[in-house]
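K.L.:
What follows is a structure written as structure tokens; I'll ask about it next.
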Amino acid sequence: MAVSSGVLALQGDFQKHVSALEACGVRAREVRTPGELEACGRLIIPGGESTTLGILLQKSGLDKAICGRAEQGMPVWGTCMGLILMAREIEGGDQFRLGLLDITVDRNAFGPQVNSFEADVQIKGLDEPFHAVFIRSPAVTRLGEGVEALAGVCRKVVAVRQGSLLGTAFHPELTCDRRMHAMFLEMPTDDRR
Amino acid sequence: MRKNLDGPLENPERETETTDVGTWRVKVGLAEMLKGGVIMDVVSAEQAKIAEKAGAVAVMALERVPADIRAHGGVARMADPEIILAVKDAVTIPVMAKCRIGHFAEAEVLQALEVDYVDESEVLSPADAEHHVSKHGFKVPFVCGARNLGEALRRIAEGAALIRTKGEAGTGDVIEAVRHMRAIVSEISRVASAREDELMAIAKEMSAPYEMVSLVFHEGRLPVPNFSAGGIATPADAALMMKLGAETVFVGSGIFKSADPQPRADAIVEAVAHYNDPTVVARVSRNLGEPMVGRAVAELKEEELLAPRGW
């Protein structure tokens, strides 16, 4: 049976990820409740506002459901806000996070919206540069044991991987290049699916 | 700041130093990130913190909310930069601010203050009776109001990266927001289902640039996100606008002119996230206290209407 790929759909640019997954030929499912997560073999946490999502994750019970599944090996990929929510520590803040990735992030590492930018980024595992869109983007400022940095921009780490967990500070869903989605889809799903 | 980093940073070929700021894609991109959320009007750092705690995706920093602009009368202008900076300091979410229609010097001030979005708004007194700000030259993105597809496409052609239906701000009456959203959605489907050789006549009729009409024809949607504003006062109002096609809602006077702002703000955020589940909207709508008093749009005099401002 084909397993759905979930996209957390409580807030943010989830529709762009759904379209990207469908362009990769997989079935995508919007996830707003723990029940909807059950039907998914992997999960993308999209771009959005991390304080908003923190509140909605806790109210829906999805915070515990996602952490439980991630512990069992479900692949999870966070883009921008998703990376912030997956981090263990957030600089200068005690806001809610899932704490899946052993990293520290700086939430607005590149400043306000007037500094948002596009750049061609070299990513470990991809042959050609990836055209990346950074919007009020975070950056990774500490890498824990077993966390691999995949890309850097302006001396800041902007993509990491730890086992079946992937985090990018930029938004591959906003361009037509599907190589990051393909990289995520290659990760094996947890045993239950 | 840099601690214990390895990988690409030790490997110069993997470093990227050249970047491109203020592009169309990053302007529209921020609007994409705000989807499925609530943007709240605030007039102080204290209100901004309440909004952020409730889960607002952004705040609009103002000197007065629209209901008070109506009551106050006179000329409504860009807020005092002191208020905008205080709000920016108080929260980590994006901060928007309003400039008058056509007042590009106010827009330049807001860009210099590094707000995240400029709302060229009919809620303030227009500064130019014919022209809107030419928005392409700015690094900061703009949101503009619209009542119909032609108006939306004129604003996008000028460089607006986000459209919001105007509604009738400061009334607490949702009727105009509904009218404008229905108009835009039905006009989009009309363009999308037209024959291609009809597009020039449609562009002429709507007073919209042909290229923009052609984009809508090919994509079947606006080329930028479409949010809703003007008169939303309850969780059910917010859910209604989302069901009609809004991708996010602006709530102006509806929160901080109500009896108990914090629970109402919490409730509207949850109602938007789960707008397709009436049991959630029902649950969060309970015991919110008095909504803003409001004024029925039908009882307003012609000169009291804000939505007709804009050209």
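Note on naming: chains are A, B, ... as they come in the structure tokens, residues start from 1 per chain, ligands start from 1 in the order shown.
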Segment 274-288 of chain B: which residues within 12 Å, counting only C-alpha atoms, same-chain residues fewer than 6 positions away excluded, as a PyMOL selection string?

P.N.:
(chain A and resi 9-11+30-33+56+59-60) or (chain B and resi 36-37+233-249+255+258-268)

K.L.:
If you run DSSP on the backbone, which residues of segment 47-114 of chain A are strand (DSSP E), as a list of chain:residue names?

P.N.:
A:Val76, A:Trp77, A:Gly78, A:Thr79, A:Ala87, A:Arg88, A:Glu89, A:Ile90, A:Leu101, A:Asp102, A:Ile103, A:Thr104, A:Val105, A:Asp106

K.L.:
Can you write out the residues you just picked, keeping N, CA, C and O atoms, as a compact mmCIF listing (two decimals), in the first residue's frame?

P.N.:
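Saved the output as out-v6.txt:
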# COMPACT_ATOMS: atom_id res chain seq x y z
N VAL A 76 11.37 13.18 9.55
CA VAL A 76 10.76 14.49 9.70
C VAL A 76 11.68 15.52 9.06
O VAL A 76 12.90 15.48 9.27
N TRP A 77 11.10 16.42 8.26
CA TRP A 77 11.87 17.49 7.63
C TRP A 77 11.22 18.82 7.97
O TRP A 77 10.04 19.02 7.73
N GLY A 78 12.00 19.73 8.54
CA GLY A 78 11.50 21.06 8.84
C GLY A 78 12.14 22.09 7.95
O GLY A 78 13.37 22.11 7.78
N THR A 79 11.31 22.98 7.34
CA THR A 79 11.86 24.07 6.52
C THR A 79 11.61 25.38 7.26
O THR A 79 10.48 25.71 7.58
N ALA A 87 14.48 22.20 16.64
CA ALA A 87 15.73 22.41 17.39
C ALA A 87 15.56 22.12 18.88
O ALA A 87 14.48 22.29 19.43
N ARG A 88 16.65 21.70 19.50
CA ARG A 88 16.62 21.48 20.95
C ARG A 88 16.68 22.80 21.70
O ARG A 88 16.05 22.97 22.72
N GLU A 89 17.48 23.74 21.14
CA GLU A 89 17.61 25.04 21.81
C GLU A 89 17.40 26.17 20.81
O GLU A 89 17.80 26.07 19.66
N ILE A 90 16.78 27.26 21.31
CA ILE A 90 16.60 28.46 20.51
C ILE A 90 17.29 29.60 21.24
O ILE A 90 17.04 29.82 22.43
N LEU A 101 16.03 17.75 16.97
CA LEU A 101 17.40 17.85 16.46
C LEU A 101 18.32 18.42 17.54
O LEU A 101 17.98 19.43 18.16
N ASP A 102 19.50 17.79 17.72
CA ASP A 102 20.43 18.28 18.74
C ASP A 102 21.23 19.46 18.17
O ASP A 102 22.41 19.34 17.84
N ILE A 103 20.53 20.59 18.03
CA ILE A 103 21.15 21.81 17.51
C ILE A 103 20.62 23.02 18.29
O ILE A 103 19.63 22.92 19.00
N THR A 104 21.34 24.14 18.12
CA THR A 104 20.82 25.42 18.60
C THR A 104 20.58 26.28 17.37
O THR A 104 21.40 26.28 16.44
N VAL A 105 19.44 27.00 17.33
CA VAL A 105 19.19 27.90 16.21
C VAL A 105 19.06 29.34 16.68
O VAL A 105 18.65 29.61 17.80
N ASP A 106 19.46 30.23 15.78
CA ASP A 106 19.25 31.67 15.96
C ASP A 106 18.07 32.00 15.06
O ASP A 106 18.15 31.83 13.84

K.L.:
Determine which residues of segment 98-310 of chain B DSSP labels as alpha helix (DSSP H) from the backbone of this structure, then write them out as a ChimeraX atom specification.

P.N.:
/B:104-112,149-158,175-192,199-206,210-219,235-243,253-256,261-273,278-284

K.L.:
For the selection you just gave me, I'd like the residues written to a file as an mmCIF file, in the first residue's frame, keeping C-alpha atoms.

P.N.:
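Output saved as out.cif:
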data_model
loop_
_atom_site.group_PDB
_atom_site.id
_atom_site.type_symbol
_atom_site.label_atom_id
_atom_site.label_comp_id
_atom_site.auth_asym_id
_atom_site.auth_seq_id
_atom_site.Cartn_x
_atom_site.Cartn_y
_atom_site.Cartn_z
ATOM 1 C CA PHE B 104 5.690 57.035 -0.903
ATOM 2 C CA ALA B 105 7.651 59.134 1.591
ATOM 3 C CA GLU B 106 5.773 57.490 4.472
ATOM 4 C CA ALA B 107 6.503 54.138 2.810
ATOM 5 C CA GLU B 108 10.211 55.016 2.672
ATOM 6 C CA VAL B 109 10.129 55.879 6.379
ATOM 7 C CA LEU B 110 8.528 52.508 7.155
ATOM 8 C CA GLN B 111 11.169 50.731 5.072
ATOM 9 C CA ALA B 112 13.892 52.645 6.936
ATOM 10 C CA LEU B 149 -10.285 41.537 -9.293
ATOM 11 C CA GLY B 150 -9.501 44.604 -11.413
ATOM 12 C CA GLU B 151 -8.429 46.593 -8.355
ATOM 13 C CA ALA B 152 -6.360 43.644 -7.068
ATOM 14 C CA LEU B 153 -4.565 43.279 -10.417
ATOM 15 C CA ARG B 154 -3.816 47.022 -10.645
ATOM 16 C CA ARG B 155 -2.193 46.855 -7.200
ATOM 17 C CA ILE B 156 -0.192 43.728 -8.099
ATOM 18 C CA ALA B 157 1.009 45.384 -11.307
ATOM 19 C CA GLU B 158 2.229 48.306 -9.158
ATOM 20 C CA ILE B 175 -20.822 42.068 5.074
ATOM 21 C CA GLU B 176 -18.333 44.049 2.967
ATOM 22 C CA ALA B 177 -15.490 41.560 3.542
ATOM 23 C CA VAL B 178 -17.819 38.847 2.257
ATOM 24 C CA ARG B 179 -18.915 40.962 -0.721
ATOM 25 C CA HIS B 180 -15.309 41.692 -1.752
ATOM 26 C CA MET B 181 -14.069 38.120 -1.306
ATOM 27 C CA ARG B 182 -16.989 36.698 -3.277
ATOM 28 C CA ALA B 183 -16.387 39.268 -6.025
ATOM 29 C CA ILE B 184 -12.702 38.404 -6.394
ATOM 30 C CA VAL B 185 -13.213 34.634 -6.262
ATOM 31 C CA SER B 186 -16.044 34.665 -8.804
ATOM 32 C CA GLU B 187 -14.190 37.034 -11.137
ATOM 33 C CA ILE B 188 -11.141 34.735 -11.013
ATOM 34 C CA SER B 189 -13.266 31.774 -12.083
ATOM 35 C CA ARG B 190 -14.840 33.875 -14.825
ATOM 36 C CA VAL B 191 -11.385 34.790 -16.211
ATOM 37 C CA ALA B 192 -10.094 31.228 -15.855
ATOM 38 C CA LEU B 199 -9.039 38.390 -22.278
ATOM 39 C CA MET B 200 -8.430 41.838 -23.795
ATOM 40 C CA ALA B 201 -12.110 42.748 -23.510
ATOM 41 C CA ILE B 202 -12.124 41.499 -19.905
ATOM 42 C CA ALA B 203 -8.963 43.502 -19.134
ATOM 43 C CA LYS B 204 -10.626 46.601 -20.583
ATOM 44 C CA GLU B 205 -13.824 46.038 -18.627
ATOM 45 C CA MET B 206 -11.970 45.446 -15.330
ATOM 46 C CA TYR B 210 -3.790 42.556 -19.892
ATOM 47 C CA GLU B 211 -0.676 40.664 -18.711
ATOM 48 C CA MET B 212 -2.158 40.282 -15.221
ATOM 49 C CA VAL B 213 -5.507 39.056 -16.582
ATOM 50 C CA SER B 214 -3.582 36.586 -18.731
ATOM 51 C CA LEU B 215 -1.718 35.322 -15.648
ATOM 52 C CA VAL B 216 -5.016 34.691 -13.841
ATOM 53 C CA PHE B 217 -6.341 32.922 -16.960
ATOM 54 C CA HIS B 218 -3.344 30.551 -17.049
ATOM 55 C CA GLU B 219 -2.966 29.973 -13.282
ATOM 56 C CA PRO B 235 -14.168 33.169 15.375
ATOM 57 C CA ALA B 236 -17.103 32.291 13.104
ATOM 58 C CA ASP B 237 -16.495 35.465 11.031
ATOM 59 C CA ALA B 238 -12.884 34.335 10.568
ATOM 60 C CA ALA B 239 -13.943 30.798 9.619
ATOM 61 C CA LEU B 240 -16.476 32.232 7.136
ATOM 62 C CA MET B 241 -13.791 34.261 5.360
ATOM 63 C CA MET B 242 -11.443 31.246 5.208
ATOM 64 C CA LYS B 243 -14.217 29.106 3.726
ATOM 65 C CA SER B 253 -10.638 46.527 15.886
ATOM 66 C CA GLY B 254 -12.329 43.161 16.505
ATOM 67 C CA ILE B 255 -9.896 42.027 19.176
ATOM 68 C CA PHE B 256 -8.776 45.037 21.170
ATOM 69 C CA PRO B 261 -9.110 40.648 24.085
ATOM 70 C CA GLN B 262 -6.872 37.703 25.101
ATOM 71 C CA PRO B 263 -9.444 34.862 24.958
ATOM 72 C CA ARG B 264 -10.956 36.314 21.771
ATOM 73 C CA ALA B 265 -7.514 36.481 20.146
ATOM 74 C CA ASP B 266 -6.760 32.868 21.203
ATOM 75 C CA ALA B 267 -10.118 31.721 19.843
ATOM 76 C CA ILE B 268 -9.810 33.417 16.446
ATOM 77 C CA VAL B 269 -6.333 31.878 15.931
ATOM 78 C CA GLU B 270 -7.655 28.377 16.659
ATOM 79 C CA ALA B 271 -10.776 28.933 14.528
ATOM 80 C CA VAL B 272 -8.637 29.886 11.509
ATOM 81 C CA ALA B 273 -6.329 26.856 11.889
ATOM 82 C CA PRO B 278 -17.201 23.455 13.028
ATOM 83 C CA THR B 279 -16.857 21.554 16.325
ATOM 84 C CA VAL B 280 -13.574 23.405 16.966
ATOM 85 C CA VAL B 281 -15.100 26.768 15.977
ATOM 86 C CA ALA B 282 -18.049 26.016 18.295
ATOM 87 C CA ARG B 283 -15.781 25.100 21.209
ATOM 88 C CA VAL B 284 -13.577 28.189 20.948
#

K.L.:
Looking at B:Ala298, B:Val140, B:Leu222, B:Ile83, which one is nearest to chain A, with distances taken over only C-alpha atoms?

P.N.:
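The shortest atom-to-atom distance to chain A comes from B:Val140.
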
K.L.:
Between atom CA of Val174 of chain B and atom CA of Gly231 of chain B, measure the distance and give it in Å to one decimal.

P.N.:
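Spanning atom CA of Val174 of chain B to atom CA of Gly231 of chain B is a straight-line distance of 4.5 Å.
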
K.L.:
Should the cut-off be 6 Å, what would the residue list for chain A against chain B look like, counting only C-alpha atoms, as a PyMOL selection string?

P.N.:
chain A and resi 10-13+47-49+52+113-119+121-122+141-142+149+151-154

K.L.:
Atom CA of Asp63 of chain A to atom CA of Arg179 of chain A: how many Å, to one decimal?

P.N.:
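Spanning atom CA of Asp63 of chain A to atom CA of Arg179 of chain A is a straight-line distance of 28.0 Å.
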
K.L.:
Can you work out which one of B:Arg295, B:Lys135, B:Lys98, B:His72 has the shortest atom-to-atom distance to Asp119 of chain B, counting only C-alpha atoms?

P.N.:
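Closest to Asp119 of chain B of all the choices is B:Lys98.
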
K.L.:
What's around segment 60-64 of chain B at 10 Å? Count only C-alpha atoms, leave out sequence neighbours fewer than 3 positions away in its own chain, and write the answer as a PDB file with N, CA and C atoms, in the first residue's frame.

P.N.:
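Saved result, part08.pdb, follows:
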ATOM      1  N   ILE B  39      -3.612  38.079  11.517  1.00  0.00           N
ATOM      2  CA  ILE B  39      -2.773  39.268  11.672  1.00  0.00           C
ATOM      3  C   ILE B  39      -3.586  40.282  12.469  1.00  0.00           C
ATOM      4  N   MET B  40      -3.039  40.729  13.586  1.00  0.00           N
ATOM      5  CA  MET B  40      -3.830  41.554  14.514  1.00  0.00           C
ATOM      6  C   MET B  40      -3.321  42.995  14.577  1.00  0.00           C
ATOM      7  N   ASP B  41      -4.281  43.939  14.574  1.00  0.00           N
ATOM      8  CA  ASP B  41      -3.951  45.353  14.781  1.00  0.00           C
ATOM      9  C   ASP B  41      -3.596  45.583  16.248  1.00  0.00           C
ATOM     10  N   VAL B  42      -2.495  46.296  16.496  1.00  0.00           N
ATOM     11  CA  VAL B  42      -2.113  46.627  17.874  1.00  0.00           C
ATOM     12  C   VAL B  42      -1.664  48.091  17.918  1.00  0.00           C
ATOM     13  N   VAL B  43      -1.826  48.711  19.093  1.00  0.00           N
ATOM     14  CA  VAL B  43      -1.434  50.120  19.222  1.00  0.00           C
ATOM     15  C   VAL B  43      -0.356  50.321  20.290  1.00  0.00           C
ATOM     16  N   SER B  44       0.143  49.211  20.878  1.00  0.00           N
ATOM     17  CA  SER B  44       1.162  49.344  21.917  1.00  0.00           C
ATOM     18  C   SER B  44       1.950  48.048  22.016  1.00  0.00           C
ATOM     19  N   ALA B  45       3.121  48.124  22.680  1.00  0.00           N
ATOM     20  CA  ALA B  45       3.939  46.931  22.908  1.00  0.00           C
ATOM     21  C   ALA B  45       3.159  45.899  23.717  1.00  0.00           C
ATOM     22  N   GLN B  47      -0.136  45.372  23.817  1.00  0.00           N
ATOM     23  CA  GLN B  47      -1.095  44.661  22.963  1.00  0.00           C
ATOM     24  C   GLN B  47      -0.374  43.702  22.009  1.00  0.00           C
ATOM     25  N   ALA B  48       0.804  44.109  21.517  1.00  0.00           N
ATOM     26  CA  ALA B  48       1.561  43.243  20.613  1.00  0.00           C
ATOM     27  C   ALA B  48       1.927  41.939  21.303  1.00  0.00           C
ATOM     28  N   ALA B  67     -11.629  51.425  14.322  1.00  0.00           N
ATOM     29  CA  ALA B  67     -12.852  51.902  14.993  1.00  0.00           C
ATOM     30  C   ALA B  67     -12.590  53.262  15.648  1.00  0.00           C
ATOM     31  N   ASP B  68     -11.388  53.448  16.207  1.00  0.00           N
ATOM     32  CA  ASP B  68     -11.054  54.722  16.846  1.00  0.00           C
ATOM     33  C   ASP B  68     -10.726  55.795  15.813  1.00  0.00           C
ATOM     34  N   ILE B  69     -10.174  55.378  14.648  1.00  0.00           N
ATOM     35  CA  ILE B  69      -9.952  56.344  13.565  1.00  0.00           C
ATOM     36  C   ILE B  69     -11.296  56.931  13.132  1.00  0.00           C
ATOM     37  N   ARG B  70     -12.305  56.055  13.009  1.00  0.00           N
ATOM     38  CA  ARG B  70     -13.666  56.516  12.678  1.00  0.00           C
ATOM     39  C   ARG B  70     -14.179  57.499  13.716  1.00  0.00           C
ATOM     40  N   HIS B  72     -12.504  59.239  15.924  1.00  0.00           N
ATOM     41  CA  HIS B  72     -11.649  60.406  16.104  1.00  0.00           C
ATOM     42  C   HIS B  72     -11.861  61.432  14.986  1.00  0.00           C
ATOM     43  N   ALA B  76      -6.094  60.829   9.118  1.00  0.00           N
ATOM     44  CA  ALA B  76      -5.384  59.684   9.705  1.00  0.00           C
ATOM     45  C   ALA B  76      -4.105  59.455   8.926  1.00  0.00           C
ATOM     46  N   ARG B  77      -2.961  59.401   9.646  1.00  0.00           N
ATOM     47  CA  ARG B  77      -1.647  59.315   9.000  1.00  0.00           C
ATOM     48  C   ARG B  77      -0.887  58.088   9.480  1.00  0.00           C
ATOM     49  N   MET B  78       0.302  57.870   8.881  1.00  0.00           N
ATOM     50  CA  MET B  78       1.233  56.841   9.366  1.00  0.00           C
ATOM     51  C   MET B  78       1.431  57.001  10.878  1.00  0.00           C
ATOM     52  N   ALA B  79       1.616  55.876  11.581  1.00  0.00           N
ATOM     53  CA  ALA B  79       1.811  55.933  13.033  1.00  0.00           C
ATOM     54  C   ALA B  79       3.142  56.603  13.378  1.00  0.00           C
ATOM     55  N   ASP B  80       3.223  57.123  14.583  1.00  0.00           N
ATOM     56  CA  ASP B  80       4.482  57.625  15.135  1.00  0.00           C
ATOM     57  C   ASP B  80       5.519  56.487  15.126  1.00  0.00           C
ATOM     58  N   PRO B  81       6.713  56.716  14.532  1.00  0.00           N
ATOM     59  CA  PRO B  81       7.724  55.655  14.506  1.00  0.00           C
ATOM     60  C   PRO B  81       8.036  55.074  15.892  1.00  0.00           C
ATOM     61  N   GLU B  82       7.839  55.882  16.924  1.00  0.00           N
ATOM     62  CA  GLU B  82       8.094  55.403  18.293  1.00  0.00           C
ATOM     63  C   GLU B  82       7.225  54.179  18.622  1.00  0.00           C
ATOM     64  N   ILE B  83       5.950  54.241  18.203  1.00  0.00           N
ATOM     65  CA  ILE B  83       5.032  53.122  18.456  1.00  0.00           C
ATOM     66  C   ILE B  83       5.485  51.894  17.655  1.00  0.00           C
ATOM     67  N   ILE B  84       5.866  52.128  16.395  1.00  0.00           N
ATOM     68  CA  ILE B  84       6.279  51.011  15.540  1.00  0.00           C
ATOM     69  C   ILE B  84       7.529  50.339  16.114  1.00  0.00           C
ATOM     70  N   LEU B  85       8.491  51.151  16.556  1.00  0.00           N
ATOM     71  CA  LEU B  85       9.726  50.587  17.110  1.00  0.00           C
ATOM     72  C   LEU B  85       9.461  49.856  18.429  1.00  0.00           C
ATOM     73  N   ALA B  86       8.549  50.385  19.240  1.00  0.00           N
ATOM     74  CA  ALA B  86       8.214  49.725  20.507  1.00  0.00           C
ATOM     75  C   ALA B  86       7.594  48.360  20.238  1.00  0.00           C
ATOM     76  N   VAL B  87       6.729  48.285  19.225  1.00  0.00           N
ATOM     77  CA  VAL B  87       6.102  47.005  18.873  1.00  0.00           C
ATOM     78  C   VAL B  87       7.160  46.039  18.329  1.00  0.00           C
ATOM     79  N   LYS B  88       8.055  46.551  17.479  1.00  0.00           N
ATOM     80  CA  LYS B  88       9.126  45.693  16.941  1.00  0.00           C
ATOM     81  C   LYS B  88       9.984  45.104  18.062  1.00  0.00           C
ATOM     82  N   PRO B  94       6.562  38.911  12.595  1.00  0.00           N
ATOM     83  CA  PRO B  94       6.674  40.052  11.688  1.00  0.00           C
ATOM     84  C   PRO B  94       5.796  41.231  12.124  1.00  0.00           C
ATOM     85  N   VAL B  95       6.302  42.425  11.870  1.00  0.00           N
ATOM     86  CA  VAL B  95       5.567  43.650  12.205  1.00  0.00           C
ATOM     87  C   VAL B  95       5.262  44.407  10.913  1.00  0.00           C
ATOM     88  N   MET B  96       3.980  44.723  10.720  1.00  0.00           N
ATOM     89  CA  MET B  96       3.535  45.500   9.568  1.00  0.00           C
ATOM     90  C   MET B  96       3.163  46.897  10.048  1.00  0.00           C
ATOM     91  N   ALA B  97       3.122  47.846   9.105  1.00  0.00           N
ATOM     92  CA  ALA B  97       2.649  49.187   9.453  1.00  0.00           C
ATOM     93  C   ALA B  97       2.004  49.798   8.219  1.00  0.00           C
ATOM     94  N   LYS B  98       1.115  50.765   8.445  1.00  0.00           N
ATOM     95  CA  LYS B  98       0.348  51.357   7.343  1.00  0.00           C
ATOM     96  C   LYS B  98       0.913  52.696   6.896  1.00  0.00           C
ATOM     97  N   VAL B 115      10.267  47.693   8.985  1.00  0.00           N
ATOM     98  CA  VAL B 115       9.068  46.885   9.203  1.00  0.00           C
ATOM     99  C   VAL B 115       9.106  45.742   8.186  1.00  0.00           C
ATOM    100  N   ASP B 116       8.341  44.678   8.452  1.00  0.00           N
ATOM    101  CA  ASP B 116       8.394  43.499   7.590  1.00  0.00           C
ATOM    102  C   ASP B 116       7.424  43.590   6.416  1.00  0.00           C
ATOM    103  N   TYR B 117       6.353  44.365   6.540  1.00  0.00           N
ATOM    104  CA  TYR B 117       5.381  44.571   5.463  1.00  0.00           C
ATOM    105  C   TYR B 117       4.818  45.976   5.590  1.00  0.00           C
ATOM    106  N   VAL B 118       4.590  46.656   4.463  1.00  0.00           N
ATOM    107  CA  VAL B 118       3.906  47.955   4.460  1.00  0.00           C
ATOM    108  C   VAL B 118       2.505  47.753   3.900  1.00  0.00           C
ATOM    109  N   ASP B 119       1.501  48.223   4.631  1.00  0.00           N
ATOM    110  CA  ASP B 119       0.121  48.181   4.159  1.00  0.00           C
ATOM    111  C   ASP B 119      -0.230  49.570   3.638  1.00  0.00           C
ATOM    112  N   PHE B 250      -6.995  39.332   8.572  1.00  0.00           N
ATOM    113  CA  PHE B 250      -6.574  40.472   9.387  1.00  0.00           C
ATOM    114  C   PHE B 250      -7.726  40.784  10.340  1.00  0.00           C
ATOM    115  N   VAL B 251      -7.436  40.904  11.627  1.00  0.00           N
ATOM    116  CA  VAL B 251      -8.469  41.352  12.554  1.00  0.00           C
ATOM    117  C   VAL B 251      -8.011  42.675  13.145  1.00  0.00           C
ATOM    118  N   GLY B 252      -8.747  43.722  12.853  1.00  0.00           N
ATOM    119  CA  GLY B 252      -8.357  45.064  13.269  1.00  0.00           C
ATOM    120  C   GLY B 252      -8.912  45.382  14.632  1.00  0.00           C
ATOM    121  N   SER B 253     -10.044  46.085  14.627  1.00  0.00           N
ATOM    122  CA  SER B 253     -10.638  46.527  15.886  1.00  0.00           C
ATOM    123  C   SER B 253     -11.268  45.363  16.658  1.00  0.00           C
TER     124      SER B 253
END
